[in-house]
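Below is the file model-v5.pdb, which contains PDB, C-alpha atoms and all ligand atoms.
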ATOM      1  CA  MET A 153     -30.465  82.342  41.625  1.00  0.00           C
ATOM      2  CA  SER A 154     -27.856  84.742  42.973  1.00  0.00           C
ATOM      3  CA  ALA A 155     -28.293  88.502  43.087  1.00  0.00           C
ATOM      4  CA  LEU A 156     -24.952  89.182  41.457  1.00  0.00           C
ATOM      5  CA  VAL A 157     -22.413  86.906  39.808  1.00  0.00           C
ATOM      6  CA  PHE A 158     -19.019  87.994  38.450  1.00  0.00           C
ATOM      7  CA  ASP A 159     -17.281  85.258  36.461  1.00  0.00           C
ATOM      8  CA  LYS A 160     -13.618  86.071  35.731  1.00  0.00           C
ATOM      9  CA  VAL A 161     -14.373  89.720  35.084  1.00  0.00           C
ATOM     10  CA  SER A 162     -11.499  91.837  33.830  1.00  0.00           C
ATOM     11  CA  LYS A 163     -11.561  95.526  33.040  1.00  0.00           C
ATOM     12  CA  ARG A 164      -9.067  97.630  31.150  1.00  0.00           C
ATOM     13  CA  PHE A 165      -9.928 101.211  30.316  1.00  0.00           C
ATOM     14  CA  GLU A 166      -8.795 102.296  26.878  1.00  0.00           C
ATOM     15  CA  GLY A 167      -5.028 102.671  26.841  1.00  0.00           C
ATOM     16  CA  GLY A 168      -4.811 101.939  30.561  1.00  0.00           C
ATOM     17  CA  ARG A 169      -3.647  99.114  32.779  1.00  0.00           C
ATOM     18  CA  LEU A 170      -5.730  96.181  33.968  1.00  0.00           C
ATOM     19  CA  VAL A 171      -8.017  97.600  36.668  1.00  0.00           C
ATOM     20  CA  LEU A 172      -9.880  94.355  37.447  1.00  0.00           C
ATOM     21  CA  ASP A 173      -8.072  91.065  36.919  1.00  0.00           C
ATOM     22  CA  ALA A 174     -10.322  87.988  36.552  1.00  0.00           C
ATOM     23  CA  VAL A 175     -12.606  88.892  39.445  1.00  0.00           C
ATOM     24  CA  SER A 176     -15.073  86.174  40.431  1.00  0.00           C
ATOM     25  CA  LEU A 177     -17.733  86.847  43.041  1.00  0.00           C
ATOM     26  CA  GLU A 178     -21.144  85.465  43.859  1.00  0.00           C
ATOM     27  CA  VAL A 179     -23.502  87.466  46.053  1.00  0.00           C
ATOM     28  CA  PRO A 180     -26.539  85.488  47.241  1.00  0.00           C
ATOM     29  CA  ARG A 181     -29.900  87.211  47.428  1.00  0.00           C
ATOM     30  CA  GLY A 182     -30.357  89.107  50.664  1.00  0.00           C
ATOM     31  CA  ALA A 183     -26.639  88.991  51.545  1.00  0.00           C
ATOM     32  CA  ARG A 184     -24.699  92.047  52.642  1.00  0.00           C
ATOM     33  CA  TYR A 185     -21.116  92.009  51.414  1.00  0.00           C
ATOM     34  CA  ALA A 186     -18.305  94.510  51.968  1.00  0.00           C
ATOM     35  CA  VAL A 187     -15.398  95.269  49.642  1.00  0.00           C
ATOM     36  CA  VAL A 188     -12.266  96.947  50.983  1.00  0.00           C
ATOM     37  CA  GLY A 189      -9.034  97.889  49.251  1.00  0.00           C
ATOM     38  CA  ARG A 190      -6.577 100.704  48.759  1.00  0.00           C
ATOM     39  CA  SER A 191      -7.301 103.766  46.686  1.00  0.00           C
ATOM     40  CA  GLY A 192      -7.096 102.886  43.018  1.00  0.00           C
ATOM     41  CA  SER A 193      -7.514  99.129  43.585  1.00  0.00           C
ATOM     42  CA  GLY A 194     -10.676  99.074  41.433  1.00  0.00           C
ATOM     43  CA  LYS A 195     -13.493  99.156  44.011  1.00  0.00           C
ATOM     44  CA  SER A 196     -15.610 101.798  42.274  1.00  0.00           C
ATOM     45  CA  THR A 197     -14.969 100.150  38.922  1.00  0.00           C
ATOM     46  CA  LEU A 198     -16.265  96.849  40.328  1.00  0.00           C
ATOM     47  CA  LEU A 199     -19.486  98.545  41.508  1.00  0.00           C
ATOM     48  CA  HIS A 200     -19.882 100.398  38.199  1.00  0.00           C
ATOM     49  CA  ILE A 201     -19.625  97.117  36.288  1.00  0.00           C
ATOM     50  CA  ALA A 202     -22.137  95.478  38.652  1.00  0.00           C
ATOM     51  CA  ALA A 203     -24.516  98.379  37.980  1.00  0.00           C
ATOM     52  CA  GLY A 204     -23.998  98.166  34.218  1.00  0.00           C
ATOM     53  CA  ILE A 205     -22.563 101.694  34.135  1.00  0.00           C
ATOM     54  CA  GLU A 206     -19.248 100.324  32.872  1.00  0.00           C
ATOM     55  CA  VAL A 207     -18.858  97.188  30.755  1.00  0.00           C
ATOM     56  CA  ALA A 208     -16.398  94.384  31.493  1.00  0.00           C
ATOM     57  CA  THR A 209     -13.559  93.896  29.003  1.00  0.00           C
ATOM     58  CA  GLN A 210     -13.606  90.133  29.638  1.00  0.00           C
ATOM     59  CA  GLY A 211     -15.728  87.746  31.656  1.00  0.00           C
ATOM     60  CA  THR A 212     -19.439  87.829  32.404  1.00  0.00           C
ATOM     61  CA  VAL A 213     -21.675  89.571  34.904  1.00  0.00           C
ATOM     62  CA  GLY A 214     -25.079  88.245  35.892  1.00  0.00           C
ATOM     63  CA  LEU A 215     -27.642  90.386  37.679  1.00  0.00           C
ATOM     64  CA  PHE A 216     -30.595  88.364  38.974  1.00  0.00           C
ATOM     65  CA  GLY A 217     -30.053  85.816  36.252  1.00  0.00           C
ATOM     66  CA  LYS A 218     -29.675  88.312  33.399  1.00  0.00           C
ATOM     67  CA  ALA A 219     -26.325  88.376  31.598  1.00  0.00           C
ATOM     68  CA  LEU A 220     -25.315  92.044  31.299  1.00  0.00           C
ATOM     69  CA  HIS A 221     -23.201  91.471  28.162  1.00  0.00           C
ATOM     70  CA  GLU A 222     -26.293  90.230  26.342  1.00  0.00           C
ATOM     71  CA  LEU A 223     -28.065  93.565  26.922  1.00  0.00           C
ATOM     72  CA  ASP A 224     -27.521  96.763  24.937  1.00  0.00           C
ATOM     73  CA  ASP A 225     -27.075 100.176  26.608  1.00  0.00           C
ATOM     74  CA  ARG A 226     -30.798 100.683  26.884  1.00  0.00           C
ATOM     75  CA  GLY A 227     -31.382  97.207  28.317  1.00  0.00           C
ATOM     76  CA  ARG A 228     -28.698  97.757  30.949  1.00  0.00           C
ATOM     77  CA  THR A 229     -30.143 101.174  31.816  1.00  0.00           C
ATOM     78  CA  LEU A 230     -33.610  99.692  32.292  1.00  0.00           C
ATOM     79  CA  LEU A 231     -32.297  96.811  34.402  1.00  0.00           C
ATOM     80  CA  ARG A 232     -30.327  99.271  36.535  1.00  0.00           C
ATOM     81  CA  ARG A 233     -33.373 101.489  36.961  1.00  0.00           C
ATOM     82  CA  ASP A 234     -35.566  98.581  38.018  1.00  0.00           C
ATOM     83  CA  ALA A 235     -33.198  96.403  40.001  1.00  0.00           C
ATOM     84  CA  VAL A 236     -30.383  98.561  41.397  1.00  0.00           C
ATOM     85  CA  GLY A 237     -30.210 101.395  43.917  1.00  0.00           C
ATOM     86  CA  LEU A 238     -27.012 103.428  44.169  1.00  0.00           C
ATOM     87  CA  VAL A 239     -25.567 105.253  47.162  1.00  0.00           C
ATOM     88  CA  PHE A 240     -22.440 107.386  46.793  1.00  0.00           C
ATOM     89  CA  GLN A 241     -19.908 109.025  49.071  1.00  0.00           C
ATOM     90  CA  SER A 242     -21.047 112.519  48.092  1.00  0.00           C
ATOM     91  CA  PHE A 243     -24.760 112.230  48.432  1.00  0.00           C
ATOM     92  CA  PHE A 244     -25.773 113.843  45.089  1.00  0.00           C
ATOM     93  CA  LEU A 245     -28.951 115.398  46.432  1.00  0.00           C
ATOM     94  CA  LEU A 246     -30.626 118.200  44.492  1.00  0.00           C
ATOM     95  CA  PRO A 247     -30.086 121.269  46.689  1.00  0.00           C
ATOM     96  CA  HIS A 248     -33.195 123.159  45.623  1.00  0.00           C
ATOM     97  CA  LEU A 249     -35.588 120.331  46.397  1.00  0.00           C
ATOM     98  CA  SER A 250     -37.005 119.358  49.780  1.00  0.00           C
ATOM     99  CA  VAL A 251     -36.120 116.195  51.653  1.00  0.00           C
ATOM    100  CA  ALA A 252     -39.306 114.418  50.482  1.00  0.00           C
ATOM    101  CA  GLU A 253     -38.835 115.616  46.888  1.00  0.00           C
ATOM    102  CA  ASN A 254     -35.289 114.255  46.826  1.00  0.00           C
ATOM    103  CA  VAL A 255     -36.483 110.862  48.075  1.00  0.00           C
ATOM    104  CA  GLY A 256     -39.330 110.857  45.538  1.00  0.00           C
ATOM    105  CA  LEU A 257     -37.105 111.823  42.621  1.00  0.00           C
ATOM    106  CA  PRO A 258     -36.731 108.342  41.058  1.00  0.00           C
ATOM    107  CA  ALA A 259     -40.549 108.057  40.875  1.00  0.00           C
ATOM    108  CA  MET A 260     -40.832 111.578  39.447  1.00  0.00           C
ATOM    109  CA  ILE A 261     -38.270 110.709  36.756  1.00  0.00           C
ATOM    110  CA  ALA A 262     -39.978 107.394  35.981  1.00  0.00           C
ATOM    111  CA  GLY A 263     -43.349 109.186  35.822  1.00  0.00           C
ATOM    112  CA  THR A 264     -44.789 106.926  38.513  1.00  0.00           C
ATOM    113  CA  MET A 265     -45.371 109.377  41.373  1.00  0.00           C
ATOM    114  CA  SER A 266     -48.664 108.497  43.055  1.00  0.00           C
ATOM    115  CA  GLY A 267     -50.391 108.518  46.427  1.00  0.00           C
ATOM    116  CA  ARG A 268     -48.934 105.095  47.116  1.00  0.00           C
ATOM    117  CA  MET A 269     -45.460 106.373  46.249  1.00  0.00           C
ATOM    118  CA  ARG A 270     -45.917 109.397  48.539  1.00  0.00           C
ATOM    119  CA  ASP A 271     -46.788 106.948  51.327  1.00  0.00           C
ATOM    120  CA  ARG A 272     -43.612 105.052  50.519  1.00  0.00           C
ATOM    121  CA  VAL A 273     -41.551 108.269  50.771  1.00  0.00           C
ATOM    122  CA  ARG A 274     -43.104 108.898  54.193  1.00  0.00           C
ATOM    123  CA  HIS A 275     -42.494 105.308  55.290  1.00  0.00           C
ATOM    124  CA  LEU A 276     -38.811 105.427  54.331  1.00  0.00           C
ATOM    125  CA  LEU A 277     -38.209 108.824  55.931  1.00  0.00           C
ATOM    126  CA  THR A 278     -39.854 107.555  59.117  1.00  0.00           C
ATOM    127  CA  ARG A 279     -37.604 104.475  58.934  1.00  0.00           C
ATOM    128  CA  VAL A 280     -34.478 106.658  59.008  1.00  0.00           C
ATOM    129  CA  GLY A 281     -35.851 109.108  61.571  1.00  0.00           C
ATOM    130  CA  LEU A 282     -36.345 112.061  59.244  1.00  0.00           C
ATOM    131  CA  ALA A 283     -40.139 112.194  58.864  1.00  0.00           C
ATOM    132  CA  ASP A 284     -40.298 115.566  60.595  1.00  0.00           C
ATOM    133  CA  ARG A 285     -37.776 117.018  58.114  1.00  0.00           C
ATOM    134  CA  SER A 286     -39.772 116.103  54.967  1.00  0.00           C
ATOM    135  CA  ALA A 287     -40.562 119.668  53.937  1.00  0.00           C
ATOM    136  CA  ASP A 288     -37.123 121.102  54.770  1.00  0.00           C
ATOM    137  CA  SER A 289     -34.626 121.993  52.095  1.00  0.00           C
ATOM    138  CA  VAL A 290     -31.873 119.377  52.013  1.00  0.00           C
ATOM    139  CA  GLN A 291     -29.363 122.214  52.296  1.00  0.00           C
ATOM    140  CA  LYS A 292     -30.324 122.521  55.959  1.00  0.00           C
ATOM    141  CA  LEU A 293     -29.300 118.943  56.751  1.00  0.00           C
ATOM    142  CA  SER A 294     -26.117 117.599  58.296  1.00  0.00           C
ATOM    143  CA  GLY A 295     -23.972 115.182  56.281  1.00  0.00           C
ATOM    144  CA  GLY A 296     -25.352 112.151  58.098  1.00  0.00           C
ATOM    145  CA  GLU A 297     -28.911 113.325  57.506  1.00  0.00           C
ATOM    146  CA  MET A 298     -28.141 113.916  53.815  1.00  0.00           C
ATOM    147  CA  GLN A 299     -26.860 110.364  53.472  1.00  0.00           C
ATOM    148  CA  ARG A 300     -30.013 109.030  55.170  1.00  0.00           C
ATOM    149  CA  VAL A 301     -32.044 110.917  52.538  1.00  0.00           C
ATOM    150  CA  ALA A 302     -29.865 109.427  49.792  1.00  0.00           C
ATOM    151  CA  ILE A 303     -30.445 105.935  51.242  1.00  0.00           C
ATOM    152  CA  CYS A 304     -34.226 106.490  51.177  1.00  0.00           C
ATOM    153  CA  ARG A 305     -33.971 107.656  47.564  1.00  0.00           C
ATOM    154  CA  ALA A 306     -31.954 104.551  46.631  1.00  0.00           C
ATOM    155  CA  LEU A 307     -34.590 102.305  48.263  1.00  0.00           C
ATOM    156  CA  LEU A 308     -37.658 104.102  46.872  1.00  0.00           C
ATOM    157  CA  LEU A 309     -38.399 101.848  43.917  1.00  0.00           C
ATOM    158  CA  SER A 310     -37.646  98.702  45.968  1.00  0.00           C
ATOM    159  CA  PRO A 311     -34.481  97.692  44.095  1.00  0.00           C
ATOM    160  CA  LYS A 312     -33.347  94.144  44.761  1.00  0.00           C
ATOM    161  CA  LEU A 313     -29.694  95.238  44.910  1.00  0.00           C
ATOM    162  CA  ILE A 314     -28.143  98.257  46.596  1.00  0.00           C
ATOM    163  CA  LEU A 315     -24.586  99.224  45.606  1.00  0.00           C
ATOM    164  CA  ALA A 316     -22.956 101.702  47.975  1.00  0.00           C
ATOM    165  CA  ASP A 317     -19.579 103.294  47.189  1.00  0.00           C
ATOM    166  CA  GLU A 318     -17.984 104.523  50.428  1.00  0.00           C
ATOM    167  CA  PRO A 319     -21.371 105.628  51.800  1.00  0.00           C
ATOM    168  CA  THR A 320     -19.740 106.873  55.005  1.00  0.00           C
ATOM    169  CA  GLY A 321     -16.636 108.381  53.384  1.00  0.00           C
ATOM    170  CA  ASN A 322     -17.700 111.965  54.041  1.00  0.00           C
ATOM    171  CA  LEU A 323     -18.953 111.353  57.574  1.00  0.00           C
ATOM    172  CA  ASP A 324     -17.220 111.341  60.949  1.00  0.00           C
ATOM    173  CA  ASP A 325     -16.710 107.949  62.636  1.00  0.00           C
ATOM    174  CA  VAL A 326     -19.740 108.063  64.907  1.00  0.00           C
ATOM    175  CA  THR A 327     -22.120 109.309  62.198  1.00  0.00           C
ATOM    176  CA  GLY A 328     -20.615 106.889  59.688  1.00  0.00           C
ATOM    177  CA  ARG A 329     -21.292 103.989  62.028  1.00  0.00           C
ATOM    178  CA  GLU A 330     -24.906 105.091  62.530  1.00  0.00           C
ATOM    179  CA  VAL A 331     -25.498 105.526  58.809  1.00  0.00           C
ATOM    180  CA  MET A 332     -23.891 102.164  58.008  1.00  0.00           C
ATOM    181  CA  ARG A 333     -26.047 100.371  60.573  1.00  0.00           C
ATOM    182  CA  LEU A 334     -29.129 102.091  59.170  1.00  0.00           C
ATOM    183  CA  LEU A 335     -28.204 101.083  55.624  1.00  0.00           C
ATOM    184  CA  LEU A 336     -27.657  97.453  56.698  1.00  0.00           C
ATOM    185  CA  GLU A 337     -30.925  97.379  58.654  1.00  0.00           C
ATOM    186  CA  ALA A 338     -32.948  99.061  55.931  1.00  0.00           C
ATOM    187  CA  CYS A 339     -31.645  96.614  53.320  1.00  0.00           C
ATOM    188  CA  GLY A 340     -32.511  93.776  55.719  1.00  0.00           C
ATOM    189  CA  ASP A 341     -36.076  95.088  56.229  1.00  0.00           C
ATOM    190  CA  GLU A 342     -36.550  95.517  52.509  1.00  0.00           C
ATOM    191  CA  GLY A 343     -35.001  92.169  51.615  1.00  0.00           C
ATOM    192  CA  ALA A 344     -32.488  93.980  49.418  1.00  0.00           C
ATOM    193  CA  THR A 345     -29.020  92.599  48.702  1.00  0.00           C
ATOM    194  CA  LEU A 346     -26.228  95.028  49.568  1.00  0.00           C
ATOM    195  CA  VAL A 347     -22.669  95.382  48.299  1.00  0.00           C
ATOM    196  CA  TYR A 348     -20.749  98.238  49.888  1.00  0.00           C
ATOM    197  CA  VAL A 349     -17.273  99.621  49.575  1.00  0.00           C
ATOM    198  CA  THR A 350     -15.616 100.994  52.674  1.00  0.00           C
ATOM    199  CA  HIS A 351     -12.182 102.017  53.931  1.00  0.00           C
ATOM    200  CA  SER A 352     -13.149 101.076  57.469  1.00  0.00           C
ATOM    201  CA  GLN A 353     -12.325  97.593  58.764  1.00  0.00           C
ATOM    202  CA  GLU A 354     -14.831  98.191  61.538  1.00  0.00           C
ATOM    203  CA  LEU A 355     -17.663  98.878  59.081  1.00  0.00           C
ATOM    204  CA  ALA A 356     -16.575  96.000  56.852  1.00  0.00           C
ATOM    205  CA  ALA A 357     -16.868  93.724  59.888  1.00  0.00           C
ATOM    206  CA  LEU A 358     -20.634  94.367  59.958  1.00  0.00           C
ATOM    207  CA  ALA A 359     -21.065  92.580  56.609  1.00  0.00           C
ATOM    208  CA  ASP A 360     -21.976  88.907  56.112  1.00  0.00           C
ATOM    209  CA  ALA A 361     -18.714  88.498  54.167  1.00  0.00           C
ATOM    210  CA  ARG A 362     -15.713  90.666  53.318  1.00  0.00           C
ATOM    211  CA  PHE A 363     -13.589  90.865  50.181  1.00  0.00           C
ATOM    212  CA  VAL A 364     -10.314  92.652  49.549  1.00  0.00           C
ATOM    213  CA  LEU A 365      -9.209  94.099  46.214  1.00  0.00           C
ATOM    214  CA  HIS A 366      -5.428  94.271  45.681  1.00  0.00           C
ATOM    215  CA  SER A 367      -4.580  95.916  42.364  1.00  0.00           C
ATOM    216  CA  GLY A 368      -7.646  94.455  40.701  1.00  0.00           C
ATOM    217  CA  VAL A 369      -7.438  90.968  42.242  1.00  0.00           C
ATOM    218  CA  LEU A 370     -10.325  90.088  44.560  1.00  0.00           C
ATOM    219  CA  GLU A 371      -9.804  87.811  47.556  1.00  0.00           C
ATOM    220  CA  LYS A 372     -12.194  86.694  50.254  1.00  0.00           C
ATOM    221  CA  ALA A 373     -11.124  88.041  53.624  1.00  0.00           C
ATOM    222  CA  PRO A 374     -11.376  85.875  56.751  1.00  0.00           C
TER     223      PRO A 374
HETATM  224  N1  LIG A 401     -13.245 105.985  33.306  1.00  0.00           N
HETATM  225  C1  LIG A 401     -11.957 105.658  33.517  1.00  0.00           C
HETATM  226  N2  LIG A 401     -11.051 105.783  32.544  1.00  0.00           N
HETATM  227  C2  LIG A 401      -9.763 105.425  32.747  1.00  0.00           C
HETATM  228  N3  LIG A 401      -9.280 104.954  33.913  1.00  0.00           N
HETATM  229  C3  LIG A 401     -10.149 104.815  34.928  1.00  0.00           C
HETATM  230  C4  LIG A 401     -11.532 105.169  34.801  1.00  0.00           C
HETATM  231  N4  LIG A 401     -12.147 104.917  35.973  1.00  0.00           N
HETATM  232  C5  LIG A 401     -11.197 104.446  36.799  1.00  0.00           C
HETATM  233  N5  LIG A 401     -10.003 104.388  36.172  1.00  0.00           N
HETATM  234  C6  LIG A 401      -8.741 103.895  36.770  1.00  0.00           C
HETATM  235  O1  LIG A 401      -8.973 102.630  37.334  1.00  0.00           O
HETATM  236  C7  LIG A 401      -8.246 102.465  38.556  1.00  0.00           C
HETATM  237  C8  LIG A 401      -9.210 102.051  39.642  1.00  0.00           C
HETATM  238  O2  LIG A 401     -10.113 103.121  39.892  1.00  0.00           O
HETATM  239  P1  LIG A 401     -11.304 103.008  40.902  1.00  0.00           P
HETATM  240  O3  LIG A 401     -12.018 104.295  40.881  1.00  0.00           O
HETATM  241  O4  LIG A 401     -12.100 101.785  40.604  1.00  0.00           O
HETATM  242  O5  LIG A 401     -10.531 102.795  42.282  1.00  0.00           O
HETATM  243  P2  LIG A 401     -11.067 102.775  43.779  1.00  0.00           P
HETATM  244  O6  LIG A 401     -10.595 101.504  44.387  1.00  0.00           O
HETATM  245  O7  LIG A 401     -12.537 103.043  43.780  1.00  0.00           O
HETATM  246  O8  LIG A 401     -10.270 103.995  44.438  1.00  0.00           O
HETATM  247  P3  LIG A 401     -10.749 105.039  45.591  1.00  0.00           P
HETATM  248  O9  LIG A 401     -10.622 104.285  46.892  1.00  0.00           O
HETATM  249  O10 LIG A 401      -9.739 106.140  45.484  1.00  0.00           O
HETATM  250  O11 LIG A 401     -12.132 105.476  45.288  1.00  0.00           O
HETATM  251  C9  LIG A 401      -7.549 103.798  38.792  1.00  0.00           C
HETATM  252  O12 LIG A 401      -6.215 103.661  38.367  1.00  0.00           O
HETATM  253  C10 LIG A 401      -8.293 104.768  37.913  1.00  0.00           C
HETATM  254  O13 LIG A 401      -7.455 105.802  37.476  1.00  0.00           O
HETATM  255 MG    MG A 402     -13.692 104.610  44.512  1.00  0.00          MG
END

This structure in structure tokens:
Amino acid sequence: MSALVFDKVSKRFEGGRLVLDAVSLEVPRGARYAVVGRSGSGKSTLLHIAAGIEVATQGTVGLFGKALHELDDRGRTLLRRDAVGLVFQSFFLLPHLSVAENVGLPAMIAGTMSGRMRDRVRHLLTRVGLADRSADSVQKLSGGEMQRVAICRALLLSPKLILADEPTGNLDDVTGREVMRLLLEACGDEGATLVYVTHSQELAALADARFVLHSGVLEKAP
């Protein structure tokens, strides 16, 4: 069973043009795939549909064997909470919480914070080299450090799929490269499948396979 399957997925926002045009894509479990494409080509929309945040206008999406169109809003929200971790360009950390509190947030929200979960927070922060910053306010961190915290938060509940929308878009080239490598390695360690959007050909080259979106049409890149 694949992690993610798009079968001829099209998306048109109300009153708008076709943003995704019969996109088909199969992401095997454990694979790390990159999507590139110009601004406005539909990359974020593709990730939002994969996450069940947006719904396809036509076609079907399967997430670990579950057909998203057969689920209601609540079902999609629960599947997203349990199976998907999201990483964004602008890290979306809570500025008044510490590093460890930001990483632990998904467990706090789910009401499952525990000693075991605190160990997991420590493990992930150690993995990204930020264990000694656990008690610091996230406001003291650099951009690259903030994104490492956001990656730990996305991985906390051991999602089987990580969707990352330009995770290095706000970082300089060197930091972006470091963060991308860390994200790829961490997903590898955790056995998580990764789909990431990037503007960088160099970072796309690190993926197991690359896809290009041109005005909503997805093609496999060589
Ligand atoms: N909620 C929405 N309602 C209406 N139109 C939308 C909505 N979200 C996206 N769009 C439109 O869909 C098209 C694709 O947007 P999308 O955000 O997926 O592009 P993108 O490839 O991620 O671009 P960027 O590289 O700038 O982030 C754009 O024309 C955008 O205006
Ligand atoms: Mg986008």

Output of the PyMOL selection byres (((not hetatm)) within 6 of (chain A and resi 401)), listed as a compact mmCIF listing (two decimals) with C-alpha atoms, in the coordinates of the input:
# COMPACT_ATOMS: atom_id res chain seq x y z
CA PHE A 165 -9.93 101.21 30.32
CA VAL A 171 -8.02 97.60 36.67
CA ARG A 190 -6.58 100.70 48.76
CA SER A 191 -7.30 103.77 46.69
CA GLY A 192 -7.10 102.89 43.02
CA SER A 193 -7.51 99.13 43.58
CA GLY A 194 -10.68 99.07 41.43
CA LYS A 195 -13.49 99.16 44.01
CA SER A 196 -15.61 101.80 42.27
CA THR A 197 -14.97 100.15 38.92

Please identify all polymer residues within 9 Å of A:Arg329, counting only C-alpha atoms, omitting same-chain residues fewer than 5 positions from it, and present them as a PDB file with C-alpha atoms, in the frame of the given file.
ATOM      1  CA  THR A 320     -19.740 106.873  55.005  1.00  0.00           C
ATOM      2  CA  LEU A 323     -18.953 111.353  57.574  1.00  0.00           C
ATOM      3  CA  ASP A 324     -17.220 111.341  60.949  1.00  0.00           C
ATOM      4  CA  LEU A 334     -29.129 102.091  59.170  1.00  0.00           C
ATOM      5  CA  GLU A 354     -14.831  98.191  61.538  1.00  0.00           C
ATOM      6  CA  LEU A 355     -17.663  98.878  59.081  1.00  0.00           C
TER       7      LEU A 355
END

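Here atom CA of A:Val175 and atom CA of A:Val369 stand 6.2 Å from one another.
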
Expected residue set, 8 Å radius at (-11.2, 89.0, 39.4), only C-alpha atoms, as a PDB file with C-alpha atoms, in the frame of the given file:
ATOM      1  CA  PHE A 158     -19.019  87.994  38.450  1.00  0.00           C
ATOM      2  CA  ASP A 159     -17.281  85.258  36.461  1.00  0.00           C
ATOM      3  CA  LYS A 160     -13.618  86.071  35.731  1.00  0.00           C
ATOM      4  CA  VAL A 161     -14.373  89.720  35.084  1.00  0.00           C
ATOM      5  CA  SER A 162     -11.499  91.837  33.830  1.00  0.00           C
ATOM      6  CA  LEU A 172      -9.880  94.355  37.447  1.00  0.00           C
ATOM      7  CA  ASP A 173      -8.072  91.065  36.919  1.00  0.00           C
ATOM      8  CA  ALA A 174     -10.322  87.988  36.552  1.00  0.00           C
ATOM      9  CA  VAL A 175     -12.606  88.892  39.445  1.00  0.00           C
ATOM     10  CA  SER A 176     -15.073  86.174  40.431  1.00  0.00           C
ATOM     11  CA  LEU A 177     -17.733  86.847  43.041  1.00  0.00           C
ATOM     12  CA  GLY A 368      -7.646  94.455  40.701  1.00  0.00           C
ATOM     13  CA  VAL A 369      -7.438  90.968  42.242  1.00  0.00           C
ATOM     14  CA  LEU A 370     -10.325  90.088  44.560  1.00  0.00           C
TER      15      LEU A 370
END

(Q) The residues within 10 Å of (-21.6, 101.1, 36.6), using only C-alpha atoms and the coordinates of the file, should be reported as an MDAnalysis selection string; which are they? (A) chainID A and resid 196:208 228:229 232 238 315

Q: Could you check how far atom CA of A:Gly296 sits from atom CA of A:Ser242, in Å to one decimal?
A: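 Atom CA of A:Ser242 lies at a distance of 10.9 Å from atom CA of A:Gly296.
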
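Residue nearest ligand MG 402 (chain A) within the list A:Val255, A:Cys304, A:Leu293, A:Val349: A:Val349 [criterion: smallest interatomic distance, only C-alpha atoms and all ligand atoms].
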
Which residues fall under the PyMOL selection byres (((chain A and resi 188) around 7) and not hetatm) in this file, as a PDB file with C-alpha atoms, in the coordinates of the input?
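So selection.pdb came out as:
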ATOM      1  CA  ALA A 186     -18.305  94.510  51.968  1.00  0.00           C
ATOM      2  CA  VAL A 187     -15.398  95.269  49.642  1.00  0.00           C
ATOM      3  CA  GLY A 189      -9.034  97.889  49.251  1.00  0.00           C
ATOM      4  CA  VAL A 349     -17.273  99.621  49.575  1.00  0.00           C
ATOM      5  CA  THR A 350     -15.616 100.994  52.674  1.00  0.00           C
ATOM      6  CA  HIS A 351     -12.182 102.017  53.931  1.00  0.00           C
ATOM      7  CA  PHE A 363     -13.589  90.865  50.181  1.00  0.00           C
ATOM      8  CA  VAL A 364     -10.314  92.652  49.549  1.00  0.00           C
ATOM      9  CA  LEU A 365      -9.209  94.099  46.214  1.00  0.00           C
TER      10      LEU A 365
END

Q: Check the smallest atom-to-atom distance from each of A:Val251, A:Leu156, A:Ala316, A:Leu246 to ligand MG 402 (chain A) using all atoms listed in the file, then report the winner.
A: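 The closest residue to ligand MG 402 (chain A) is A:Ala316.
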
Q: Tell me which protein, DNA and RNA residues are within 8 Å of A:Val157, counting all atoms listed in the file, leaving out same-chain ones fewer than 6 positions away, and put them as a ChimeraX atom specification.
A: /A:176-179,213-215

Q) Just how far from atom CA of A:Asp225 is atom CA of A:Leu335, in Å to one decimal? A) 29.1 Å

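Across A:Arg333, A:Gly340, A:Leu170, A:Leu223, the tightest approach to A:Ala357 is made by A:Arg333 when counting all atoms listed in the file.
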
(Q) I'd like to know which of A:Gly321, A:Leu277, A:Lys163, A:Gly295 is closest to ligand MG 402 (chain A), using only C-alpha atoms and all ligand atoms. (A)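 Ranked by minimum distance to ligand MG 402 (chain A), first place goes to A:Gly321.
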
Q: With the file shown as input, list the residues that the PyMOL selection byres (((chain A and resi 290) around 12) and not hetatm) selects, as number ranges by chain.
A: A: 243-255, 282, 285-289, 291-302

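Remark: for A:Phe216, the closest of the candidate residues A:Lys372, A:Arg181, A:Arg233, A:Arg164 is A:Arg181 (distances computed over all atoms listed in the file).
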
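Among A:Pro311, A:Pro319, A:Gly267, A:Gly328, the residue with the shortest atom-to-atom distance to ligand MG 402 (chain A), counting all atoms listed in the file, is A:Pro319.
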
Q.
Using all atoms listed in the file, which protein or nucleic acid residues come within 12 Å of A:His275? Drop anything in the same chain fewer than 3 positions from it, and give the result as a list in words.
A. Ala252, Val255, Gly256, Arg268, Met269, Arg270, Asp271, Arg272, Thr278, Arg279, Val280, Gly281, Leu282, Ala283, Asp284, Ser286, Cys304, Arg305, Leu307, Leu308, Ala338 and Glu342 of chain A
